[in-house]
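Reproduced below: structure_18.txt, with compact mmCIF, C-alpha atoms.
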```txt
# COMPACT_ATOMS: atom_id res chain seq x y z
CA MET O 640 0.00 0.00 0.00
CA THR O 641 1.31 3.44 -0.88
CA ASN O 642 0.45 6.57 1.04
CA ARG O 643 0.81 10.35 0.97
CA VAL O 644 1.37 10.83 4.67
CA GLN O 645 4.88 12.23 4.32
CA GLU O 646 3.81 14.55 1.51
CA LEU O 647 0.83 15.86 3.47
CA ARG O 648 2.86 16.26 6.63
CA LEU O 649 5.61 18.22 4.91
CA ALA O 650 3.02 20.37 3.16
CA ARG O 651 1.86 21.45 6.60
CA GLY O 652 5.42 21.98 7.78
CA TRP O 653 4.97 19.42 10.53
CA THR O 654 7.74 17.28 11.95
CA GLN O 655 7.15 13.58 12.53
CA ALA O 656 7.07 14.31 16.24
CA ARG O 657 4.26 16.85 15.74
CA LEU O 658 2.20 14.41 13.65
CA ALA O 659 2.84 11.66 16.20
CA GLU O 660 1.48 13.95 18.93
CA GLU O 661 -1.57 14.83 16.83
CA LEU O 662 -2.36 11.14 16.34
CA ASP O 663 -1.23 10.02 19.82
CA VAL O 664 1.14 7.42 18.42
CA SER O 665 4.91 6.87 18.62
CA ARG O 666 7.30 8.63 16.25
CA GLN O 667 8.45 5.22 15.06
CA THR O 668 4.91 4.56 13.85
CA ILE O 669 4.92 7.69 11.69
CA TYR O 670 8.34 6.78 10.37
CA ALA O 671 7.26 3.22 9.53
CA ILE O 672 4.08 4.39 7.80
CA GLU O 673 5.90 7.02 5.74
CA SER O 674 8.59 4.59 4.67
CA GLY O 675 5.89 2.14 3.59
CA ARG O 676 7.03 -0.56 5.97
CA PHE O 677 3.87 -0.55 8.04
CA ASP O 678 0.24 -0.28 6.97
CA PRO O 679 -1.83 1.37 9.70
CA SER O 680 -4.90 -0.27 11.17
CA LEU O 681 -8.31 0.98 10.03
CA PRO O 682 -8.88 3.14 13.17
CA LEU O 683 -5.45 4.75 12.74
CA ALA O 684 -6.04 5.28 9.02
CA PHE O 685 -9.30 7.08 9.89
CA LEU O 686 -7.43 9.19 12.44
CA ILE O 687 -4.80 10.14 9.85
CA ALA O 688 -7.48 11.00 7.31
CA ARG O 689 -9.35 13.15 9.83
CA CYS O 690 -6.11 14.85 10.85
CA PHE O 691 -5.44 15.95 7.27
CA GLY O 692 -9.10 16.66 6.47
CA LEU O 693 -9.17 14.06 3.70
CA THR O 694 -10.68 10.63 3.09
CA ILE O 695 -8.72 7.40 3.54
CA GLU O 696 -8.79 6.80 -0.22
CA GLU O 697 -7.17 10.16 -0.84
CA ILE O 698 -4.23 9.23 1.38
CA PHE O 699 -3.81 5.47 0.99
CA THR O 700 -3.71 3.59 -2.30
CA PRO O 701 -3.77 -0.20 -2.47
CA GLY O 702 -0.96 -2.06 -4.22
CA GLY O 703 2.75 -1.34 -4.52
CA SER O 704 4.91 -0.18 -1.67
CA MET X 770 -0.33 29.02 -9.09
CA THR X 771 1.11 25.64 -8.22
CA SER X 772 0.28 24.66 -4.70
CA LEU X 773 2.63 22.79 -2.43
CA LEU X 774 0.45 19.70 -2.80
CA ASP X 775 1.17 19.61 -6.54
CA THR X 776 4.90 19.20 -6.03
CA THR X 777 6.45 15.75 -6.19
CA THR X 778 7.73 13.89 -3.17
CA SER X 779 11.35 14.43 -4.21
CA GLU X 780 10.72 18.16 -4.43
CA LEU X 781 9.13 18.05 -1.02
CA TYR X 782 12.16 16.19 0.24
CA ILE X 783 14.41 19.00 -0.95
CA ILE X 784 12.07 21.56 0.62
CA GLY X 785 12.10 19.44 3.75
CA VAL X 786 15.88 19.30 3.85
CA LEU X 787 16.04 23.05 3.48
CA ASN X 788 13.49 23.48 6.24
CA ARG X 789 15.07 20.80 8.44
CA GLY X 790 11.85 18.81 8.26
CA ALA X 791 12.99 15.86 6.18
CA ASP X 792 13.34 13.44 9.02
CA ALA X 793 11.09 10.96 7.21
CA VAL X 794 13.64 9.99 4.61
CA THR X 795 16.68 9.53 6.80
CA LYS X 796 17.45 7.18 9.67
CA ILE X 797 15.17 7.78 12.62
CA PRO X 798 17.01 10.09 15.05
CA ASP X 799 18.03 8.71 18.42
CA ALA X 800 16.12 11.54 20.09
CA ASP X 801 12.90 10.19 18.58
CA VAL X 802 13.72 6.64 19.68
CA TRP X 803 14.23 7.91 23.24
CA ALA X 804 11.04 9.95 23.05
CA ASP X 805 9.15 6.79 22.09
CA ALA X 806 10.81 4.87 24.92
CA ARG X 807 9.75 7.56 27.40
CA ARG X 808 6.23 7.37 26.01
CA ALA X 809 6.08 3.59 26.47
CA PHE X 810 7.78 3.14 29.83
CA ARG X 811 7.08 4.66 33.21
CA TRP X 812 9.37 4.90 36.21
CA GLN X 813 7.16 2.36 37.98
CA SER X 814 8.23 -0.29 35.43
CA THR X 815 11.90 0.36 36.17
CA LEU X 816 11.32 0.27 39.92
CA ALA X 817 9.34 -2.98 39.64
CA GLY X 818 12.12 -4.57 37.59
CA PHE X 819 14.75 -3.42 40.08
CA LEU X 820 12.69 -4.83 42.98
CA VAL X 821 12.35 -8.21 41.24
CA VAL X 822 16.11 -8.47 40.75
CA LEU X 823 16.78 -7.36 44.34
CA CYS X 824 14.22 -9.76 45.86
CA PHE X 825 15.54 -12.63 43.72
CA ALA X 826 19.12 -11.93 44.73
CA VAL X 827 18.24 -11.77 48.45
CA ALA X 828 16.02 -14.88 48.28
CA MET X 829 18.65 -16.90 46.39
CA ARG X 830 21.34 -15.87 48.83
CA GLN X 831 19.21 -16.89 51.82
CA LEU X 832 17.99 -20.14 50.25
CA GLY X 833 21.56 -21.07 49.37
CA GLN X 834 22.64 -21.08 53.01
CA VAL X 835 23.28 -24.56 54.36
CA GLU X 836 22.23 -23.68 57.91
CA LEU X 837 18.89 -22.17 56.84
CA ASP X 838 15.99 -23.19 59.10
CA PRO X 839 13.61 -25.36 56.96
CA SER X 840 10.63 -23.37 58.29
CA MET X 841 12.15 -20.25 56.67
CA ARG X 842 12.27 -21.73 53.18
CA TRP X 843 8.74 -20.75 52.20
CA PRO X 844 8.98 -17.11 53.34
CA TRP X 845 12.18 -16.67 51.34
CA LEU X 846 10.68 -18.55 48.39
CA LEU X 847 7.65 -16.24 48.39
CA LEU X 848 9.62 -13.04 48.86
CA PRO X 849 9.95 -12.20 45.12
CA VAL X 850 6.31 -13.03 44.33
CA PRO X 851 4.76 -9.57 45.10
CA ALA X 852 7.52 -7.82 43.16
CA LEU X 853 7.05 -10.28 40.29
CA ALA X 854 3.29 -9.66 40.29
CA TRP X 855 3.87 -5.90 40.21
CA ALA X 856 6.41 -6.25 37.39
CA ALA X 857 3.99 -8.42 35.42
CA TRP X 858 1.23 -5.83 35.92
CA GLU X 859 3.54 -3.05 34.73
CA ALA X 860 4.56 -5.12 31.70
CA ILE X 861 0.90 -5.61 30.76
CA ALA X 862 0.19 -1.89 31.28
CA ALA X 863 3.19 -0.98 29.11
CA GLU X 864 1.94 -3.34 26.40
CA ARG X 865 -1.50 -1.69 26.51
CA ARG X 866 0.02 1.77 26.16
CA GLN X 867 1.73 0.75 22.92
CA ASP X 868 0.26 1.77 19.60
CA ASP X 869 -0.53 -0.51 16.65
CA PHE X 870 2.96 -0.44 15.20
CA GLN X 871 4.71 -1.18 18.49
CA ARG X 872 2.27 -4.04 19.17
CA MET X 873 2.97 -5.46 15.72
CA VAL X 874 6.73 -5.34 16.33
CA SER X 875 6.25 -6.89 19.76
CA ALA X 876 4.14 -9.69 18.26
CA ARG X 877 6.72 -10.33 15.54
CA ALA X 878 9.47 -10.43 18.18
CA SER X 879 7.44 -13.04 20.09
CA GLU X 880 7.02 -15.05 16.88
CA VAL X 881 10.81 -15.24 16.62
CA ALA X 882 11.55 -15.60 20.32
CA TYR X 883 9.02 -18.39 21.03
CA PRO X 884 10.53 -21.10 18.78
CA LEU X 885 14.05 -20.03 19.75
CA THR X 886 13.07 -20.41 23.41
CA ILE X 887 11.72 -23.92 22.73
CA VAL X 888 15.02 -24.81 21.05
CA TRP X 889 16.89 -23.34 24.00
CA ILE X 890 14.86 -25.34 26.54
CA GLY X 891 15.46 -28.50 24.51
CA PHE X 892 19.18 -27.82 24.50
CA VAL X 893 19.16 -27.15 28.26
CA ALA X 894 17.28 -30.44 28.83
CA LEU X 895 20.03 -32.29 26.95
CA LEU X 896 22.68 -30.39 28.86
CA ALA X 897 21.02 -31.24 32.18
CA THR X 898 20.83 -34.91 31.19
CA ALA X 899 24.48 -34.96 30.20
CA TYR X 900 26.01 -32.96 33.03
CA GLY X 901 23.30 -32.11 35.58
CA PHE X 902 22.87 -28.66 37.05
CA PRO X 903 24.70 -26.42 37.63
CA VAL X 904 26.96 -27.11 34.68
CA PRO X 905 30.62 -26.33 35.30
CA ILE X 906 31.89 -24.24 32.42
CA PRO X 907 35.62 -23.83 31.94
CA ALA X 908 36.24 -20.09 32.25
CA PRO X 909 38.50 -18.45 29.66
CA PHE X 910 41.45 -16.14 30.38
CA GLY X 911 42.19 -17.77 33.72
CA LEU X 912 38.98 -16.44 35.28
CA PRO X 913 37.45 -18.39 38.16
CA PRO X 914 35.17 -21.20 36.88
CA GLU X 915 31.53 -20.15 36.76
CA ALA X 916 28.58 -22.48 37.10
CA PHE X 917 25.91 -22.35 34.41
CA GLY X 918 22.69 -22.66 36.40
CA TRP X 919 18.97 -21.96 36.28
CA VAL X 920 19.34 -18.18 36.57
CA GLU X 921 21.24 -18.11 33.28
CA VAL X 922 18.70 -20.49 31.74
CA ILE X 923 15.83 -18.15 32.64
CA LEU X 924 17.62 -15.02 31.45
CA VAL X 925 18.41 -16.30 27.96
CA PRO X 926 14.78 -16.23 26.64
CA LEU X 927 14.43 -12.66 27.96
CA PHE X 928 17.54 -11.65 26.04
CA ILE X 929 16.30 -13.48 22.94
CA HIS X 930 13.02 -11.53 23.01
CA MET X 931 14.81 -8.25 23.70
CA ALA X 932 17.24 -8.81 20.83
CA ALA X 933 14.41 -9.79 18.44
CA PHE X 934 12.46 -6.65 19.44
CA ILE X 935 15.44 -4.34 18.88
CA ILE X 936 16.39 -5.93 15.54
CA LEU X 937 12.80 -5.81 14.23
CA SER X 938 12.29 -2.23 15.43
CA LYS X 939 15.39 -1.17 13.54
CA ARG X 940 14.32 -3.14 10.48
CA TYR X 941 10.93 -1.45 10.31
CA THR X 942 12.30 2.03 10.88
CA SER X 943 15.39 1.89 8.67
CA ARG X 944 15.49 3.53 5.30
CA ARG X 945 14.32 1.47 2.35
```
If you took the structure in this file and wrote it as structure tokens, what would it be?
Amino acid sequence: MTNRVQELRLARGWTQARLAEELDVSRQTIYAIESGRFDPSLPLAFLIARCFGLTIEEIFTPGGS
Amino acid sequence: MTSLLDTTTSELYIIGVLNRGADAVTKIPDADVWADARRAFRWQSTLAGFLVVLCFAVAMRQLGQVELDPSMRWPWLLLPVPALAWAAWEAIAAERRQDDFQRMVSARASEVAYPLTIVWIGFVALLATAYGFPVPIPAPFGLPPEAFGWVEVILVPLFIHMAAFIILSKRYTSRR
């Protein structure tokens, strides 16, 4: 699964630490998601989508890595 | 006008580097690793772990005495139990505080550590059959001979799990 989390985060000028605080997760989690090594659970994907004001489909795309 | 969202990821990376915000594409900084560790662990966990080690050491020392009154065996045997129960509670609480990613890494570490522990126990069973416990191990460099006993046997699975957790954490957070 590919995602735009890093792109969206940088567009807001946020650090990984800031995004981690917003989502109440560890910084490692943000790092792993952005590097494509970890696909978030559905609740976390919804949280990420809400955080950026987008839908899950606009952030995560199935297939590839 | 082209918005920031229209730029490519590589362009954003360059912007990020210039703005010191490109931490996503380099190795995770140690400061972030420590921040995550602080998030996951509380001082109570450390204290509970310290108490377990202390109680075990005191109990083992007392139980090892030849002249120990048999009626005192049970009190010394039970001494570490409250500390162990507290440490177990703290370990469960720490696990519950973890997020999805950390739980996944922890589960993967257990997947690796469990079969390795079974192999280890099998090896120890053979060792015990061959030599009995404690096993005298010839010490290198002229050091006094140490006995390989149950304490070492118990510690090895903990180290296996710890090593698996650290290796997997690094694997999932290293650059592709």
If I take atom CA of X:Ala852 and atom CA of X:Val821, how far is one from the other in Å, to one decimal?
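For atom CA of X:Ala852 relative to atom CA of X:Val821, the distance reads 5.2 Å.
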Quick check, in Å to one decimal: how far apart do atom CA of O:Gly675 and atom CA of X:Ala882 lie?
25.0 Å
Atom-to-atom span, atom CA of X:Ile797 and atom CA of X:Thr942, Å:
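Value for the atom CA of X:Ile797-atom CA of X:Thr942 distance: 6.7 Å.
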Residues of chain O were defined as contacting chain X if any atom lay at most 9 Å from it, counting all atoms listed in the file; please report them as a ChimeraX atom specification.
/O:643,645-647,649-650,652-656,663-680,683
Write out as an NGL selection string each polymer residue whose atoms come within 8 Å of stretch 697-700 of chain O, counting all atoms listed in the file; drop sequence neighbours fewer than 5 positions from it.
:O and (640-644 or 688)
Of the residues X:Val850, X:Val922, X:Val827, X:Ala857, which is the one nearest to X:Val893, using only C-alpha atoms?
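That would be X:Val922, the residue with the smallest distance to X:Val893.
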So that I can check the surroundings of X:Val888, please list as a list in words every protein, DNA and RNA residue that reaches within 12 Å of it, counting only C-alpha atoms and ignoring chain neighbours fewer than 6 positions away.
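Counting only C-alpha atoms, the residues come to Val881, Ala882, Ala894, Leu895, Val925, Pro926 and Ile929 of chain X.
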